[in-house]
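Structure data (compact mmCIF, C-alpha atoms) from run_23.txt:
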# COMPACT_ATOMS: atom_id res chain seq x y z
CA MET Q 1 -37.18 59.24 20.60
CA LEU Q 2 -35.72 62.33 18.93
CA ARG Q 3 -32.29 61.69 20.41
CA ARG Q 4 -31.44 58.84 18.04
CA PRO Q 5 -32.09 60.73 14.75
CA VAL Q 6 -30.14 63.75 16.04
CA ARG Q 7 -27.13 61.55 16.92
CA LEU Q 8 -27.31 59.93 13.50
CA MET Q 9 -27.42 63.37 11.85
CA TYR Q 10 -24.30 64.53 13.77
CA ARG Q 11 -22.47 61.35 12.83
CA SER Q 12 -23.34 61.91 9.16
CA LEU Q 13 -22.14 65.51 9.34
CA LEU Q 14 -18.86 64.40 10.91
CA VAL Q 15 -18.25 61.86 8.11
CA ALA Q 16 -19.16 64.46 5.46
CA ALA Q 17 -16.75 67.01 6.99
CA ALA Q 18 -13.94 64.46 7.08
CA LEU Q 19 -14.51 63.57 3.42
CA CYS Q 20 -14.49 67.25 2.44
CA CYS Q 21 -11.10 67.76 4.15
CA LEU Q 22 -9.49 64.66 2.63
CA PRO Q 23 -8.28 66.37 -0.60
CA ALA Q 24 -6.32 68.89 1.50
CA CYS Q 25 -4.38 66.16 3.31
CA GLU Q 26 -0.91 65.36 1.98
CA LEU Q 27 -0.49 61.63 1.59
CA PRO Q 28 3.09 60.34 1.88
CA ASN Q 29 2.79 58.09 -1.17
CA GLY Q 30 1.07 60.57 -3.47
CA PRO Q 31 2.24 60.50 -7.09
CA GLY Q 32 3.47 63.57 -8.86
CA LEU Q 33 5.73 65.06 -6.22
CA ALA Q 34 8.08 67.60 -7.74
CA PRO Q 35 11.73 66.58 -8.10
CA PRO Q 36 14.32 68.73 -6.33
CA PRO Q 37 15.82 71.72 -8.16
CA VAL Q 38 19.25 70.71 -9.46
CA THR Q 39 19.88 73.43 -12.04
CA GLY Q 40 23.38 74.83 -11.72
CA GLU Q 41 27.07 74.02 -11.57
CA TRP Q 42 28.32 70.85 -9.87
CA SER Q 43 31.69 69.17 -9.31
CA GLY Q 44 32.81 65.74 -8.19
CA THR Q 45 34.32 62.51 -9.48
CA PHE Q 46 33.96 60.18 -12.46
CA GLU Q 47 34.89 56.68 -11.26
CA SER Q 48 35.24 53.95 -13.88
CA SER Q 49 37.66 51.56 -15.54
CA TRP Q 50 39.60 54.75 -16.36
CA GLY Q 51 40.20 55.38 -12.65
CA VAL Q 52 38.90 58.20 -10.45
CA LEU Q 53 38.92 61.52 -12.30
CA PRO Q 54 37.61 64.99 -11.43
CA VAL Q 55 34.43 66.00 -13.23
CA ARG Q 56 32.46 69.23 -13.56
CA ALA Q 57 28.86 69.38 -14.67
CA SER Q 58 26.19 71.88 -15.60
CA LEU Q 59 22.75 70.40 -14.89
CA LYS Q 60 19.23 71.64 -15.46
CA ASN Q 61 15.68 70.67 -14.70
CA ASP Q 62 12.39 72.47 -14.36
CA HIS Q 63 11.47 71.06 -10.98
CA ARG Q 64 8.01 72.66 -10.99
CA SER Q 65 6.51 71.46 -14.24
CA SER Q 66 8.55 68.72 -15.90
CA PRO Q 67 10.20 65.46 -14.91
CA SER Q 68 12.90 65.91 -17.58
CA PHE Q 69 16.54 66.29 -16.60
CA SER Q 70 19.61 67.10 -18.69
CA GLY Q 71 23.12 68.42 -18.53
CA ASP Q 72 26.70 68.44 -19.76
CA PHE Q 73 29.81 67.21 -17.98
CA ARG Q 74 33.56 67.50 -18.55
CA ILE Q 75 36.01 64.89 -17.30
CA ASP Q 76 39.38 66.40 -16.44
CA GLY Q 77 42.47 64.35 -17.21
CA GLN Q 78 40.97 62.49 -20.19
CA ARG Q 79 39.85 65.45 -22.26
CA ALA Q 80 36.46 63.82 -22.39
CA SER Q 81 33.02 65.32 -22.17
CA GLY Q 82 29.51 64.01 -22.15
CA THR Q 83 25.84 64.58 -21.61
CA VAL Q 84 23.14 63.29 -19.32
CA SER Q 85 19.46 63.21 -20.27
CA GLY Q 86 16.45 61.47 -18.89
CA TYR Q 87 13.65 61.69 -16.39
CA LEU Q 88 13.29 62.16 -12.65
CA GLU Q 89 10.70 60.56 -10.41
CA THR Q 90 9.94 61.35 -6.80
CA SER Q 91 7.47 58.75 -5.60
CA ASP Q 92 7.28 60.10 -2.06
CA ARG Q 93 9.13 62.52 0.16
CA TYR Q 94 10.88 59.73 2.08
CA SER Q 95 12.57 57.68 -0.65
CA GLY Q 96 14.16 60.51 -2.64
CA THR Q 97 14.32 61.16 -6.36
CA VAL Q 98 15.46 58.57 -8.89
CA PHE Q 99 16.87 59.11 -12.38
CA TRP Q 100 16.64 56.95 -15.44
CA GLY Q 101 17.93 57.89 -18.87
CA THR Q 102 21.19 57.86 -20.81
CA LEU Q 103 24.71 59.19 -20.58
CA THR Q 104 26.96 59.96 -23.53
CA ILE Q 105 30.71 60.35 -23.64
CA SER Q 106 32.95 61.88 -26.31
CA TYR Q 107 36.74 61.93 -26.49
CA LEU Q 108 39.66 61.98 -28.90
CA THR Q 109 40.94 58.55 -29.92
CA ALA Q 110 44.63 57.73 -30.32
CA SER Q 111 44.25 58.42 -34.05
CA GLY Q 112 42.99 61.94 -33.31
CA GLU Q 113 39.35 61.30 -34.22
CA MET Q 114 36.47 62.30 -31.98
CA CYS Q 115 34.35 59.34 -30.91
CA ARG Q 116 31.00 59.19 -29.14
CA GLY Q 117 29.54 56.46 -26.94
CA GLU Q 118 26.12 56.15 -25.34
CA SER Q 119 24.93 54.16 -22.35
CA SER Q 120 22.05 51.74 -22.46
CA PHE Q 121 18.80 53.18 -21.09
CA LEU Q 122 18.11 50.01 -19.09
CA LEU Q 123 21.55 50.05 -17.43
CA THR Q 124 21.72 53.75 -16.50
CA SER Q 125 20.22 55.08 -13.30
CA GLY Q 126 20.83 57.35 -10.34
CA THR Q 127 19.55 59.33 -7.39
CA LEU Q 128 19.37 63.07 -6.86
CA SER Q 129 18.83 65.64 -4.14
CA GLU Q 130 19.40 69.39 -3.94
CA LYS Q 131 22.93 68.75 -2.64
CA ALA Q 132 24.11 65.53 -4.30
CA VAL Q 133 23.75 63.67 -7.59
CA PHE Q 134 24.77 60.04 -8.23
CA LEU Q 135 24.60 58.64 -11.77
CA SER Q 136 25.81 55.21 -12.84
CA THR Q 137 26.01 53.05 -15.94
CA GLU Q 138 27.55 49.72 -16.85
CA GLY Q 139 29.24 51.31 -19.84
CA PHE Q 140 28.85 53.03 -23.20
CA PRO Q 141 28.24 50.17 -25.68
CA GLN Q 142 26.48 52.18 -28.36
CA GLY Q 143 28.71 54.30 -30.58
CA ASN Q 144 32.15 54.28 -32.14
CA CYS Q 145 34.49 54.67 -29.15
CA PRO Q 146 37.34 52.23 -28.71
CA ASP Q 147 37.88 51.23 -25.08
CA PRO Q 148 35.10 53.35 -23.51
CA PRO Q 149 34.92 53.46 -19.71
CA THR Q 150 32.94 50.72 -17.97
CA LYS Q 151 31.14 50.62 -14.62
CA ALA Q 152 31.00 54.42 -14.49
CA LEU Q 153 29.80 56.25 -11.38
CA ILE Q 154 29.46 60.02 -11.44
CA THR Q 155 29.25 61.62 -7.99
CA LEU Q 156 28.44 65.34 -7.92
CA ARG Q 157 28.04 67.89 -5.12
CA ARG Q 158 27.29 71.61 -5.11
Any chance you could put this one into structure tokens?
Amino acid sequence: MLRRPVRLMYRSLLVAAALCCLPACELPNGPGLAPPPVTGEWSGTFESSWGVLPVRASLKNDHRSSPSFSGDFRIDGQRASGTVSGYLETSDRYSGTVFWGTLTISYLTASGEMCRGESSFLLTSGTLSEKAVFLSTEGFPQGNCPDPPTKALITLRR
């Protein structure tokens, strides 16, 4: 007769122990995973309606405490420069880190004036890792630049 209550007690202890350990388990789909560190100097290509041009970038993020991401880039051959700013999200350790935000571009026009264009937030995205960054936008419709590049893809590597 005592065997049944003792078995029930052990079963309850086993369930309680499992519940206590649950917070220590790392779930693959847990929110709030830190994005990879990408701060530093990068180089690669700027592919667009302008052709394929070399690009250099200086990127920064605080991968431990903030999802924000920013940087500057310089496009060789067009005397153009720009910025990237936005947010990073790593939903799980298997799918990588995604970027959403805006890109800007500035360059001298034929008349010698500096213009500035900005991409649309909804049409600018990318993916990042510690070794590669891919950013794309349909174009730079906001601003005063004549003939800004369209279908831009920035590919960067360390």
- Query: Out of Q:Ser136, Q:Ser66, Q:Thr124, Q:Thr155, which residue has the shortest atom-to-atom distance to Leu88 of chain Q when counting only C-alpha atoms?
  - Reply: Q:Ser66
Leaving out Ala80 of chain Q and any residue of its chain fewer than 3 positions from it, which residues lie within 6 Å of it when counting all atoms listed in the file, given as a short mmCIF file (atom, residue, chain, number, x, y, z; two decimals) with C-alpha atoms, keeping the file's coordinate frame?
data_model
loop_
_atom_site.label_atom_id
_atom_site.label_comp_id
_atom_site.auth_asym_id
_atom_site.auth_seq_id
_atom_site.Cartn_x
_atom_site.Cartn_y
_atom_site.Cartn_z
CA ILE Q 75 36.01 64.89 -17.30
CA SER Q 106 32.95 61.88 -26.31
CA TYR Q 107 36.74 61.93 -26.49
#
- Item | Separation of atom CA of Gly40 of chain Q from atom CA of Pro149 of chain Q in Å |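 A separation of 25.6 Å between them.
Closest approach to Glu41 of chain Q among Q:Leu108, Q:Leu122, Q:Leu156, Q:Leu53: Q:Leu156, based on all atoms listed in the file.
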- Query: If you measure from atom CA of Asp147 of chain Q to atom CA of Tyr87 of chain Q, what distance in Å do you get, rounded to one decimal?
  - Reply: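 Atom CA of Tyr87 of chain Q lies 27.8 Å from atom CA of Asp147 of chain Q.
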- When distances are computed from all atoms listed in the file, which of Q:Gly139, Q:Gln78, Q:Phe134, Q:Thr90 shows the smallest separation from Ala110 of chain Q?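 Among the listed residues, Q:Gln78 lies closest to Ala110 of chain Q.
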- Item | Contacts of Ala152 of chain Q within 8 Å, only C-alpha atoms, excl. fewer than 4 positions in-chain, as number ranges by chain | Q: 46-49, 136-139
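Of the listed residues (Q:Arg93, Q:Lys151, Q:Arg157, Q:Lys131), Q:Arg157 comes nearest to Arg56 of chain Q; the distances count only C-alpha atoms.
Neighbouring residues of Ser70 of chain Q at 9 Å or closer, counting all atoms listed in the file and skipping chain neighbours under 4 positions away, are Ser58, Leu59, Lys60, Asn61, Thr83, Val84, Ser85, Gly86 and Tyr87 of chain Q.
Using all atoms listed in the file for every distance, the candidate list Q:Leu128, Q:Ala34, Q:Val52, Q:Cys115 yields Q:Val52 as the residue closest to Leu153 of chain Q.
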- Query: Looking at only C-alpha atoms, which of Q:Val55, Q:Ile154, Q:Met114, Q:Val98 is the one that sits closest to Pro36 of chain Q?
  - Reply: Q:Val98
